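Novice: Next comes the structure file upload_29.pdb, holding PDB, C-alpha atoms, pLDDT in the B column.
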```pdb
ATOM      1  CA  MET C   1      42.330  10.058 -16.471  1.00 36.00           C
ATOM      2  CA  LYS C   2      44.301  12.887 -18.099  1.00 38.00           C
ATOM      3  CA  ILE C   3      41.146  14.197 -19.700  1.00 36.00           C
ATOM      4  CA  LEU C   4      39.365  14.181 -16.356  1.00 35.00           C
ATOM      5  CA  CYS C   5      42.245  16.086 -14.738  1.00 41.00           C
ATOM      6  CA  ASN C   6      42.249  18.687 -17.485  1.00 43.00           C
ATOM      7  CA  SER C   7      38.494  19.060 -17.181  1.00 41.00           C
ATOM      8  CA  SER C   8      38.802  19.473 -13.444  1.00 42.00           C
ATOM      9  CA  SER C   9      41.463  22.151 -13.816  1.00 44.00           C
ATOM     10  CA  ASN C  10      39.274  24.005 -16.304  1.00 43.00           C
ATOM     11  CA  PHE C  11      36.396  23.950 -13.829  1.00 40.00           C
ATOM     12  CA  ASN C  12      38.632  25.350 -11.109  1.00 46.00           C
ATOM     13  CA  SER C  13      40.077  28.068 -13.307  1.00 41.00           C
ATOM     14  CA  ARG C  14      36.674  29.246 -14.442  1.00 42.00           C
ATOM     15  CA  GLY C  15      35.090  29.112 -11.024  1.00 42.00           C
ATOM     16  CA  PHE C  16      32.623  26.369 -11.941  1.00 38.00           C
ATOM     17  CA  ILE C  17      33.732  23.782  -9.418  1.00 38.00           C
ATOM     18  CA  ASN C  18      30.653  24.488  -7.282  1.00 43.00           C
ATOM     19  CA  GLN C  19      28.439  23.337 -10.111  1.00 46.00           C
ATOM     20  CA  ILE C  20      29.543  19.749  -9.481  1.00 42.00           C
ATOM     21  CA  THR C  21      27.160  19.664  -6.527  1.00 43.00           C
ATOM     22  CA  ASN C  22      24.283  20.214  -8.964  1.00 52.00           C
ATOM     23  CA  LEU C  23      25.087  17.115 -11.004  1.00 53.00           C
ATOM     24  CA  SER C  24      22.395  15.160  -9.185  1.00 60.00           C
ATOM     25  CA  VAL C  25      19.845  17.806 -10.218  1.00 64.00           C
ATOM     26  CA  TYR C  26      20.963  17.608 -13.852  1.00 63.00           C
ATOM     27  CA  PHE C  27      20.840  13.805 -13.758  1.00 69.00           C
ATOM     28  CA  TRP C  28      17.344  13.919 -12.275  1.00 73.00           C
ATOM     29  CA  LYS C  29      16.185  16.123 -15.152  1.00 74.00           C
ATOM     30  CA  LEU C  30      17.815  13.815 -17.707  1.00 73.00           C
ATOM     31  CA  ILE C  31      16.051  10.658 -16.560  1.00 78.00           C
ATOM     32  CA  HIS C  32      12.720  12.516 -16.624  1.00 79.00           C
ATOM     33  CA  ASN C  33      13.236  13.731 -20.193  1.00 82.00           C
ATOM     34  CA  PRO C  34      10.999  11.733 -22.614  1.00 83.00           C
ATOM     35  CA  VAL C  35      13.062  12.777 -25.629  1.00 81.00           C
ATOM     36  CA  TYR C  36      15.270   9.699 -25.145  1.00 80.00           C
ATOM     37  CA  CYS C  37      12.319   7.386 -25.871  1.00 83.00           C
ATOM     38  CA  GLY C  38      11.288   9.304 -28.997  1.00 81.00           C
ATOM     39  CA  LEU C  39       8.746  11.676 -27.446  1.00 81.00           C
ATOM     40  CA  ILE C  40       8.641  15.468 -27.347  1.00 79.00           C
ATOM     41  CA  VAL C  41       6.763  17.579 -24.813  1.00 76.00           C
ATOM     42  CA  LEU C  42       4.261  19.880 -26.518  1.00 72.00           C
ATOM     43  CA  PRO C  43       3.462  22.776 -24.150  1.00 71.00           C
ATOM     44  CA  SER C  44      -0.062  24.139 -23.968  1.00 66.00           C
ATOM     45  CA  LYS C  45      -1.458  27.221 -22.268  1.00 66.00           C
ATOM     46  CA  ASP C  46      -4.960  25.880 -21.648  1.00 64.00           C
ATOM     47  CA  GLN C  47      -4.304  22.165 -21.112  1.00 66.00           C
ATOM     48  CA  GLN C  48      -1.575  20.009 -19.652  1.00 70.00           C
ATOM     49  CA  PRO C  49       1.532  19.454 -21.800  1.00 71.00           C
ATOM     50  CA  GLN C  50       1.135  16.615 -24.292  1.00 73.00           C
ATOM     51  CA  LEU C  51       3.663  14.055 -25.498  1.00 75.00           C
ATOM     52  CA  ILE C  52       3.940  13.571 -29.268  1.00 75.00           C
ATOM     53  CA  LYS C  53       6.050  11.235 -31.372  1.00 79.00           C
ATOM     54  CA  ALA C  54       9.294  12.749 -32.615  1.00 75.00           C
ATOM     55  CA  VAL C  55      11.084  12.066 -35.902  1.00 75.00           C
ATOM     56  CA  HIS C  56      14.431  11.167 -34.322  1.00 77.00           C
ATOM     57  CA  GLU C  57      15.350   7.601 -33.467  1.00 80.00           C
ATOM     58  CA  PRO C  58      14.778   6.852 -29.761  1.00 80.00           C
ATOM     59  CA  LEU C  59      17.676   5.658 -27.624  1.00 80.00           C
ATOM     60  CA  ILE C  60      15.414   3.553 -25.366  1.00 82.00           C
ATOM     61  CA  SER C  61      11.968   2.043 -25.711  1.00 84.00           C
ATOM     62  CA  GLU C  62       8.898   3.864 -24.430  1.00 83.00           C
ATOM     63  CA  SER C  63       8.041   0.928 -22.153  1.00 83.00           C
ATOM     64  CA  LEU C  64      11.483   1.118 -20.526  1.00 84.00           C
ATOM     65  CA  PHE C  65      11.087   4.867 -20.003  1.00 83.00           C
ATOM     66  CA  ASN C  66       7.681   4.370 -18.356  1.00 84.00           C
ATOM     67  CA  GLU C  67       9.092   1.620 -16.164  1.00 82.00           C
ATOM     68  CA  VAL C  68      11.880   3.923 -14.970  1.00 82.00           C
ATOM     69  CA  GLN C  69       9.382   6.721 -14.247  1.00 81.00           C
ATOM     70  CA  ALA C  70       7.254   4.348 -12.196  1.00 82.00           C
ATOM     71  CA  ILE C  71      10.286   3.369 -10.126  1.00 79.00           C
ATOM     72  CA  ILE C  72      11.641   6.860  -9.471  1.00 77.00           C
ATOM     73  CA  THR C  73       8.239   8.344  -8.651  1.00 74.00           C
ATOM     74  CA  THR C  74       7.330   5.640  -6.127  1.00 69.00           C
ATOM     75  CA  LYS C  75       7.741   6.773  -2.539  1.00 61.00           C
ATOM     76  CA  ARG C  76       9.916   4.360  -0.621  1.00 57.00           C
ATOM     77  CA  LYS C  77       9.582   3.954   3.120  1.00 55.00           C
ATOM     78  CA  ILE C  78      12.664   2.967   5.069  1.00 50.00           C
ATOM     79  CA  THR C  79      11.203   0.733   7.744  1.00 50.00           C
ATOM     80  CA  CYS C  80      14.158  -1.454   8.736  1.00 48.00           C
ATOM     81  CA  ARG C  81      15.512   0.923  11.383  1.00 55.00           C
ATOM     82  CA  SER C  82      12.068   1.879  12.698  1.00 57.00           C
ATOM     83  CA  ASP C  83      11.008  -1.779  12.923  1.00 57.00           C
ATOM     84  CA  LYS C  84      14.159  -2.630  14.815  1.00 58.00           C
ATOM     85  CA  LEU C  85      13.565   0.216  17.275  1.00 61.00           C
ATOM     86  CA  SER C  86       9.924  -0.758  17.722  1.00 69.00           C
ATOM     87  CA  LYS C  87      10.888  -4.292  18.714  1.00 73.00           C
ATOM     88  CA  ALA C  88      13.499  -3.077  21.176  1.00 79.00           C
ATOM     89  CA  PHE C  89      11.258  -0.419  22.766  1.00 84.00           C
ATOM     90  CA  ILE C  90       7.767  -1.917  22.806  1.00 83.00           C
ATOM     91  CA  LEU C  91       6.660   0.388  25.646  1.00 84.00           C
ATOM     92  CA  LYS C  92       7.830   3.624  24.053  1.00 83.00           C
ATOM     93  CA  GLY C  93       5.188   6.328  24.378  1.00 83.00           C
ATOM     94  CA  PHE C  94       3.420   4.620  27.288  1.00 84.00           C
ATOM     95  CA  LEU C  95       5.913   5.161  30.115  1.00 85.00           C
ATOM     96  CA  THR C  96       6.207   8.212  32.368  1.00 85.00           C
ATOM     97  CA  CYS C  97       9.007   9.149  34.724  1.00 86.00           C
ATOM     98  CA  PRO C  98       8.100   8.302  38.367  1.00 83.00           C
ATOM     99  CA  ASP C  99       9.938  11.447  39.537  1.00 84.00           C
ATOM    100  CA  CYS C 100       8.889  14.254  37.195  1.00 85.00           C
ATOM    101  CA  TRP C 101       6.096  12.544  35.224  1.00 86.00           C
ATOM    102  CA  ARG C 102       7.647  13.322  31.864  1.00 84.00           C
ATOM    103  CA  LYS C 103       7.214  10.776  29.096  1.00 87.00           C
ATOM    104  CA  LEU C 104      10.215   8.478  28.918  1.00 85.00           C
ATOM    105  CA  ARG C 105      12.287   8.443  25.751  1.00 86.00           C
ATOM    106  CA  ALA C 106      14.079   5.442  24.266  1.00 84.00           C
ATOM    107  CA  SER C 107      17.597   5.136  22.897  1.00 85.00           C
ATOM    108  CA  TYR C 108      20.697   2.980  22.862  1.00 84.00           C
ATOM    109  CA  SER C 109      23.700   3.490  25.144  1.00 83.00           C
ATOM    110  CA  LYS C 110      27.050   2.420  23.753  1.00 80.00           C
ATOM    111  CA  GLY C 111      29.015   0.006  25.920  1.00 78.00           C
ATOM    112  CA  ARG C 112      32.429  -1.571  25.490  1.00 80.00           C
ATOM    113  CA  THR C 113      31.276  -4.503  23.397  1.00 83.00           C
ATOM    114  CA  LYS C 114      27.712  -3.672  22.324  1.00 83.00           C
ATOM    115  CA  ARG C 115      24.877  -1.181  22.619  1.00 85.00           C
ATOM    116  CA  TYR C 116      22.301  -1.362  25.402  1.00 85.00           C
ATOM    117  CA  PRO C 117      18.669  -0.192  25.091  1.00 88.00           C
ATOM    118  CA  TYR C 118      17.354   2.181  27.761  1.00 89.00           C
ATOM    119  CA  TYR C 119      14.187   4.046  28.602  1.00 87.00           C
ATOM    120  CA  HIS C 120      15.280   7.403  30.003  1.00 88.00           C
ATOM    121  CA  CYS C 121      13.939  10.723  31.155  1.00 87.00           C
ATOM    122  CA  SER C 122      14.892  13.956  29.396  1.00 80.00           C
ATOM    123  CA  GLY C 123      14.412  16.023  32.545  1.00 77.00           C
ATOM    124  CA  SER C 124      16.858  16.952  35.268  1.00 79.00           C
ATOM    125  CA  CYS C 125      16.204  13.755  37.259  1.00 80.00           C
ATOM    126  CA  LYS C 126      18.125  11.703  34.669  1.00 79.00           C
ATOM    127  CA  MET C 127      16.183   8.549  35.492  1.00 84.00           C
ATOM    128  CA  ARG C 128      16.788   5.592  33.185  1.00 85.00           C
ATOM    129  CA  ILE C 129      16.061   1.865  33.184  1.00 87.00           C
ATOM    130  CA  ASN C 130      17.243  -1.018  31.049  1.00 88.00           C
ATOM    131  CA  ALA C 131      14.698  -1.597  28.280  1.00 87.00           C
ATOM    132  CA  ASP C 132      15.254  -5.362  28.089  1.00 87.00           C
ATOM    133  CA  LEU C 133      14.669  -5.729  31.812  1.00 89.00           C
ATOM    134  CA  LEU C 134      11.465  -3.677  31.755  1.00 87.00           C
ATOM    135  CA  ASN C 135      10.148  -5.363  28.590  1.00 88.00           C
ATOM    136  CA  ASN C 136      10.674  -8.821  30.069  1.00 89.00           C
ATOM    137  CA  ASN C 137       9.031  -7.821  33.338  1.00 89.00           C
ATOM    138  CA  TYR C 138       6.056  -6.409  31.443  1.00 86.00           C
ATOM    139  CA  ASP C 139       5.741  -9.634  29.424  1.00 87.00           C
ATOM    140  CA  ASP C 140       5.832 -11.732  32.625  1.00 88.00           C
ATOM    141  CA  ARG C 141       3.055  -9.643  34.147  1.00 88.00           C
ATOM    142  CA  LEU C 142       0.940 -10.086  31.024  1.00 85.00           C
ATOM    143  CA  GLN C 143       1.334 -13.867  31.269  1.00 87.00           C
ATOM    144  CA  GLU C 144      -0.024 -13.730  34.830  1.00 88.00           C
ATOM    145  CA  LEU C 145      -3.259 -12.031  33.788  1.00 84.00           C
ATOM    146  CA  ARG C 146      -6.376 -14.218  33.713  1.00 84.00           C
ATOM    147  CA  LEU C 147      -9.823 -13.272  32.443  1.00 78.00           C
ATOM    148  CA  SER C 148     -12.747 -13.657  34.825  1.00 83.00           C
ATOM    149  CA  THR C 149     -15.631 -15.981  33.959  1.00 84.00           C
ATOM    150  CA  SER C 150     -17.987 -13.096  33.188  1.00 82.00           C
ATOM    151  CA  VAL C 151     -15.474 -11.498  30.831  1.00 81.00           C
ATOM    152  CA  ILE C 152     -14.914 -14.812  29.032  1.00 82.00           C
ATOM    153  CA  GLU C 153     -18.677 -15.161  28.533  1.00 83.00           C
ATOM    154  CA  LEU C 154     -18.879 -11.590  27.233  1.00 82.00           C
ATOM    155  CA  VAL C 155     -16.045 -12.180  24.775  1.00 81.00           C
ATOM    156  CA  GLY C 156     -17.804 -15.330  23.590  1.00 81.00           C
ATOM    157  CA  LEU C 157     -21.010 -13.409  22.926  1.00 80.00           C
ATOM    158  CA  ILE C 158     -19.117 -10.697  21.052  1.00 80.00           C
ATOM    159  CA  LEU C 159     -17.342 -13.254  18.854  1.00 80.00           C
ATOM    160  CA  GLU C 160     -20.622 -15.059  18.221  1.00 79.00           C
ATOM    161  CA  ASP C 161     -22.309 -11.803  17.234  1.00 78.00           C
ATOM    162  CA  ILE C 162     -19.445 -10.941  14.877  1.00 76.00           C
ATOM    163  CA  ASN C 163     -19.629 -14.414  13.345  1.00 77.00           C
ATOM    164  CA  VAL C 164     -23.416 -14.193  12.830  1.00 78.00           C
ATOM    165  CA  SER C 165     -23.041 -10.752  11.263  1.00 75.00           C
ATOM    166  CA  ALA C 166     -20.358 -12.010   8.874  1.00 77.00           C
ATOM    167  CA  GLN C 167     -22.500 -15.010   7.883  1.00 80.00           C
ATOM    168  CA  LYS C 168     -25.498 -12.756   7.313  1.00 82.00           C
ATOM    169  CA  ASN C 169     -23.480 -10.448   5.043  1.00 81.00           C
ATOM    170  CA  ARG C 170     -22.235 -13.425   3.011  1.00 82.00           C
ATOM    171  CA  TYR C 171     -25.790 -14.770   2.748  1.00 85.00           C
ATOM    172  CA  LEU C 172     -27.172 -11.417   1.534  1.00 86.00           C
ATOM    173  CA  HIS C 173     -24.347 -11.104  -0.991  1.00 86.00           C
ATOM    174  CA  ASP C 174     -24.963 -14.615  -2.386  1.00 87.00           C
ATOM    175  CA  ARG C 175     -28.721 -13.997  -2.454  1.00 89.00           C
ATOM    176  CA  LYS C 176     -28.230 -10.797  -4.427  1.00 89.00           C
ATOM    177  CA  LEU C 177     -26.123 -12.641  -6.992  1.00 88.00           C
ATOM    178  CA  LEU C 178     -28.797 -15.338  -7.402  1.00 89.00           C
ATOM    179  CA  VAL C 179     -31.570 -12.769  -7.782  1.00 89.00           C
ATOM    180  CA  ASN C 180     -29.587 -10.956 -10.468  1.00 89.00           C
ATOM    181  CA  GLN C 181     -29.035 -14.210 -12.375  1.00 89.00           C
ATOM    182  CA  LEU C 182     -32.740 -15.087 -12.146  1.00 89.00           C
ATOM    183  CA  GLU C 183     -33.683 -11.657 -13.447  1.00 89.00           C
ATOM    184  CA  GLU C 184     -31.266 -12.095 -16.360  1.00 88.00           C
ATOM    185  CA  GLN C 185     -32.939 -15.394 -17.314  1.00 86.00           C
ATOM    186  CA  GLN C 186     -36.383 -13.806 -17.083  1.00 88.00           C
ATOM    187  CA  LEU C 187     -35.191 -10.979 -19.318  1.00 88.00           C
ATOM    188  CA  VAL C 188     -33.844 -13.438 -21.898  1.00 85.00           C
ATOM    189  CA  LEU C 189     -37.130 -15.329 -21.872  1.00 87.00           C
ATOM    190  CA  SER C 190     -39.124 -12.107 -22.195  1.00 87.00           C
ATOM    191  CA  LYS C 191     -37.097 -10.988 -25.223  1.00 87.00           C
ATOM    192  CA  ALA C 192     -37.489 -14.426 -26.815  1.00 85.00           C
ATOM    193  CA  ARG C 193     -41.257 -14.307 -26.264  1.00 87.00           C
ATOM    194  CA  LYS C 194     -41.477 -10.933 -28.041  1.00 86.00           C
ATOM    195  CA  LEU C 195     -39.442 -12.262 -30.975  1.00 85.00           C
ATOM    196  CA  PHE C 196     -41.719 -15.298 -31.158  1.00 84.00           C
ATOM    197  CA  VAL C 197     -44.841 -13.101 -31.179  1.00 86.00           C
ATOM    198  CA  ILE C 198     -43.623 -11.031 -34.133  1.00 87.00           C
ATOM    199  CA  ASP C 199     -42.554 -14.199 -36.019  1.00 85.00           C
ATOM    200  CA  LYS C 200     -38.824 -13.516 -35.781  1.00 84.00           C
ATOM    201  CA  LEU C 201     -38.207 -16.635 -33.730  1.00 83.00           C
ATOM    202  CA  LYS C 202     -39.345 -20.125 -34.642  1.00 86.00           C
ATOM    203  CA  PHE C 203     -41.534 -22.089 -32.253  1.00 87.00           C
ATOM    204  CA  ASP C 204     -38.993 -24.898 -31.820  1.00 86.00           C
ATOM    205  CA  ASP C 205     -36.209 -22.406 -31.005  1.00 84.00           C
ATOM    206  CA  PHE C 206     -38.470 -20.560 -28.561  1.00 84.00           C
ATOM    207  CA  LYS C 207     -39.523 -23.818 -26.901  1.00 86.00           C
ATOM    208  CA  GLU C 208     -35.910 -24.973 -26.575  1.00 86.00           C
ATOM    209  CA  LEU C 209     -34.831 -21.619 -25.145  1.00 85.00           C
ATOM    210  CA  LYS C 210     -37.739 -21.665 -22.700  1.00 86.00           C
ATOM    211  CA  ILE C 211     -36.799 -25.141 -21.431  1.00 87.00           C
ATOM    212  CA  GLU C 212     -33.173 -24.054 -21.046  1.00 86.00           C
ATOM    213  CA  CYS C 213     -34.123 -20.908 -19.066  1.00 85.00           C
ATOM    214  CA  ARG C 214     -36.394 -22.925 -16.755  1.00 86.00           C
ATOM    215  CA  ALA C 215     -33.638 -25.434 -16.140  1.00 86.00           C
ATOM    216  CA  ILE C 216     -31.182 -22.663 -15.245  1.00 86.00           C
ATOM    217  CA  CYS C 217     -33.728 -20.985 -12.946  1.00 85.00           C
ATOM    218  CA  ASN C 218     -34.497 -24.261 -11.180  1.00 86.00           C
ATOM    219  CA  GLY C 219     -30.776 -24.820 -10.700  1.00 85.00           C
ATOM    220  CA  LEU C 220     -30.371 -21.367  -9.199  1.00 81.00           C
TER     221      LEU C 220
END
```
Show this structure as structure tokens.

Specialist:
Amino acid sequence: MKILCNSSSNFNSRGFINQITNLSVYFWKLIHNPVYCGLIVLPSKDQQPQLIKAVHEPLISESLFNEVQAIITTKRKITCRSDKLSKAFILKGFLTCPDCWRKLRASYSKGRTKRYPYYHCSGSCKMRINADLLNNNYDDRLQELRLSTSVIELVGLILEDINVSAQKNRYLHDRKLLVNQLEEQQLVLSKARKLFVIDKLKFDDFKELKIECRAICNGL
């Protein structure tokens, strides 16, 4: 602790106290430096810098260094807060103010014991409505909707068409695989026939290979 105090006083006396705010920048450079895993950056004018093995003993393994780089270079998305807001304000972006026709915004209003969600207008009319009340009313109205007979028939035809299209794509894919396998067997048999003609393959071996290829083709 005494050492830290003395160091702090030295920073203050020399006017370097502001450099403490740059510690995060220095730390960021340190964890990107490959010298700690036994590598040295070799700069190049024409090509990208290359990493070469150094003669000093590494402090950490190269695999650990690469693992750290993968972690710190991965972009992280903070979705907890946005997901929570999306669930509370499901109609955000779709509502307009009935007075001034501005798009309604969504936010929480702090009460005595908890926060309350509201859709509100940013204009001078100051219109706002409880988000829970409006969301529930919207859900009730959705439950009351019923499709007409013609629409149900149309949806059925669309789903049937999608299903037929998916089955056709699977059939064409499987057929292509079978054709490729048949062509491979024909190619094997053709090569064996050429070897048999130039006396590099015995008759018994050629006959056995031919029977095997036919059996595979019949199975396909």

Novice: Which one of C:Cys37, C:His32, C:Pro43, C:Leu145 sits closest to Glu57 in chain C if you count all atoms listed in the file?

Specialist: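 Counting all atoms listed in the file, the residue closest to Glu57 in chain C is C:Cys37.
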
Novice: Taking 5 positions as the minimum chain separation for residues in the same chain, which residues sit within 12 Å of Met127 in chain C when counting all atoms listed in the file? Answer as a list in words.

Specialist: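 Neighbouring residues, sequence-local ones excluded: Thr96, Cys97, Pro98, Asp99, Cys100, Trp101, Arg102, Lys103, Leu104, Arg105, Ala106, Tyr118, Tyr119, His120, Cys121 and Ser122 of chain C.
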
Novice: One number please: CA of Asn163 in chain C to CA of Gln143 in chain C, in Å, one decimal.

Specialist: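 Here the two named atoms are 27.6 Å from each other.
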
Novice: So, counting all atoms listed in the file, which residue among C:Leu39, C:Cys217, C:Ala54, C:Leu134 is closest to Gln181 in chain C?

Specialist: C:Cys217

Novice: Can you translate the PyMOL selection byres ((chain C and resi 186-194) around 10) into the concrete residues it hits in this file, as a PyMOL selection string?

Specialist: chain C and resi 180-185+195-203+205-207+209-214+217

Novice: Limited to C-alpha atoms, could you put the picked residues into a file as a PDB file, in the frame of the given file?

Specialist:
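Once everything was written out, this is result_3.pdb:
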```
ATOM      1  CA  ASN C 180     -29.587 -10.956 -10.468  1.00 89.00           C
ATOM      2  CA  GLN C 181     -29.035 -14.210 -12.375  1.00 89.00           C
ATOM      3  CA  LEU C 182     -32.740 -15.087 -12.146  1.00 89.00           C
ATOM      4  CA  GLU C 183     -33.683 -11.657 -13.447  1.00 89.00           C
ATOM      5  CA  GLU C 184     -31.266 -12.095 -16.360  1.00 88.00           C
ATOM      6  CA  GLN C 185     -32.939 -15.394 -17.314  1.00 86.00           C
ATOM      7  CA  LEU C 195     -39.442 -12.262 -30.975  1.00 85.00           C
ATOM      8  CA  PHE C 196     -41.719 -15.298 -31.158  1.00 84.00           C
ATOM      9  CA  VAL C 197     -44.841 -13.101 -31.179  1.00 86.00           C
ATOM     10  CA  ILE C 198     -43.623 -11.031 -34.133  1.00 87.00           C
ATOM     11  CA  ASP C 199     -42.554 -14.199 -36.019  1.00 85.00           C
ATOM     12  CA  LYS C 200     -38.824 -13.516 -35.781  1.00 84.00           C
ATOM     13  CA  LEU C 201     -38.207 -16.635 -33.730  1.00 83.00           C
ATOM     14  CA  LYS C 202     -39.345 -20.125 -34.642  1.00 86.00           C
ATOM     15  CA  PHE C 203     -41.534 -22.089 -32.253  1.00 87.00           C
ATOM     16  CA  ASP C 205     -36.209 -22.406 -31.005  1.00 84.00           C
ATOM     17  CA  PHE C 206     -38.470 -20.560 -28.561  1.00 84.00           C
ATOM     18  CA  LYS C 207     -39.523 -23.818 -26.901  1.00 86.00           C
ATOM     19  CA  LEU C 209     -34.831 -21.619 -25.145  1.00 85.00           C
ATOM     20  CA  LYS C 210     -37.739 -21.665 -22.700  1.00 86.00           C
ATOM     21  CA  ILE C 211     -36.799 -25.141 -21.431  1.00 87.00           C
ATOM     22  CA  GLU C 212     -33.173 -24.054 -21.046  1.00 86.00           C
ATOM     23  CA  CYS C 213     -34.123 -20.908 -19.066  1.00 85.00           C
ATOM     24  CA  ARG C 214     -36.394 -22.925 -16.755  1.00 86.00           C
ATOM     25  CA  CYS C 217     -33.728 -20.985 -12.946  1.00 85.00           C
TER      26      CYS C 217
END
```

Novice: CA of Gly93 in chain C and CA of Tyr116 in chain C are how many Å apart?

Specialist: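 That distance, rounded to one decimal, is 18.8 Å.
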
Novice: Have a look at CA of Arg170 in chain C and CA of Ala215 in chain C and let me know their distance in Å, one decimal.

Specialist: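 Those two atoms sit 25.3 Å apart.
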
Novice: Give me the residues within 12 Å of Leu64 in chain C as a list of chain:residue names, counting all atoms listed in the file and dropping any in the same chain fewer than 5 places off.

Specialist: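 That gives C:Ile31, C:Pro34, C:Tyr36, C:Cys37, C:Gly38, C:Pro58, C:Leu59, C:Gln69, C:Ala70, C:Ile71.
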
Novice: Could you check the closest approach to Asn135 in chain C for each of C:Ile40, C:Leu91, C:Val68, C:Leu51 and tell me which residue wins, using all atoms listed in the file?

Specialist: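 Among C:Ile40, C:Leu91, C:Val68, C:Leu51, it is C:Leu91 that comes nearest to Asn135 in chain C.
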
Novice: From the options C:Ser107, C:Val41, C:Val55, C:Ile90, which residue's atoms come nearest to Asp139 in chain C, counting all atoms listed in the file?

Specialist: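 With all atoms listed in the file as the atom set, the closest residue is C:Ile90.
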
Novice: Pick from C:Ala166, C:Leu147, C:Ala88, C:Leu159: nearest to Asp132 in chain C, with only C-alpha atoms counted?

Specialist: C:Ala88
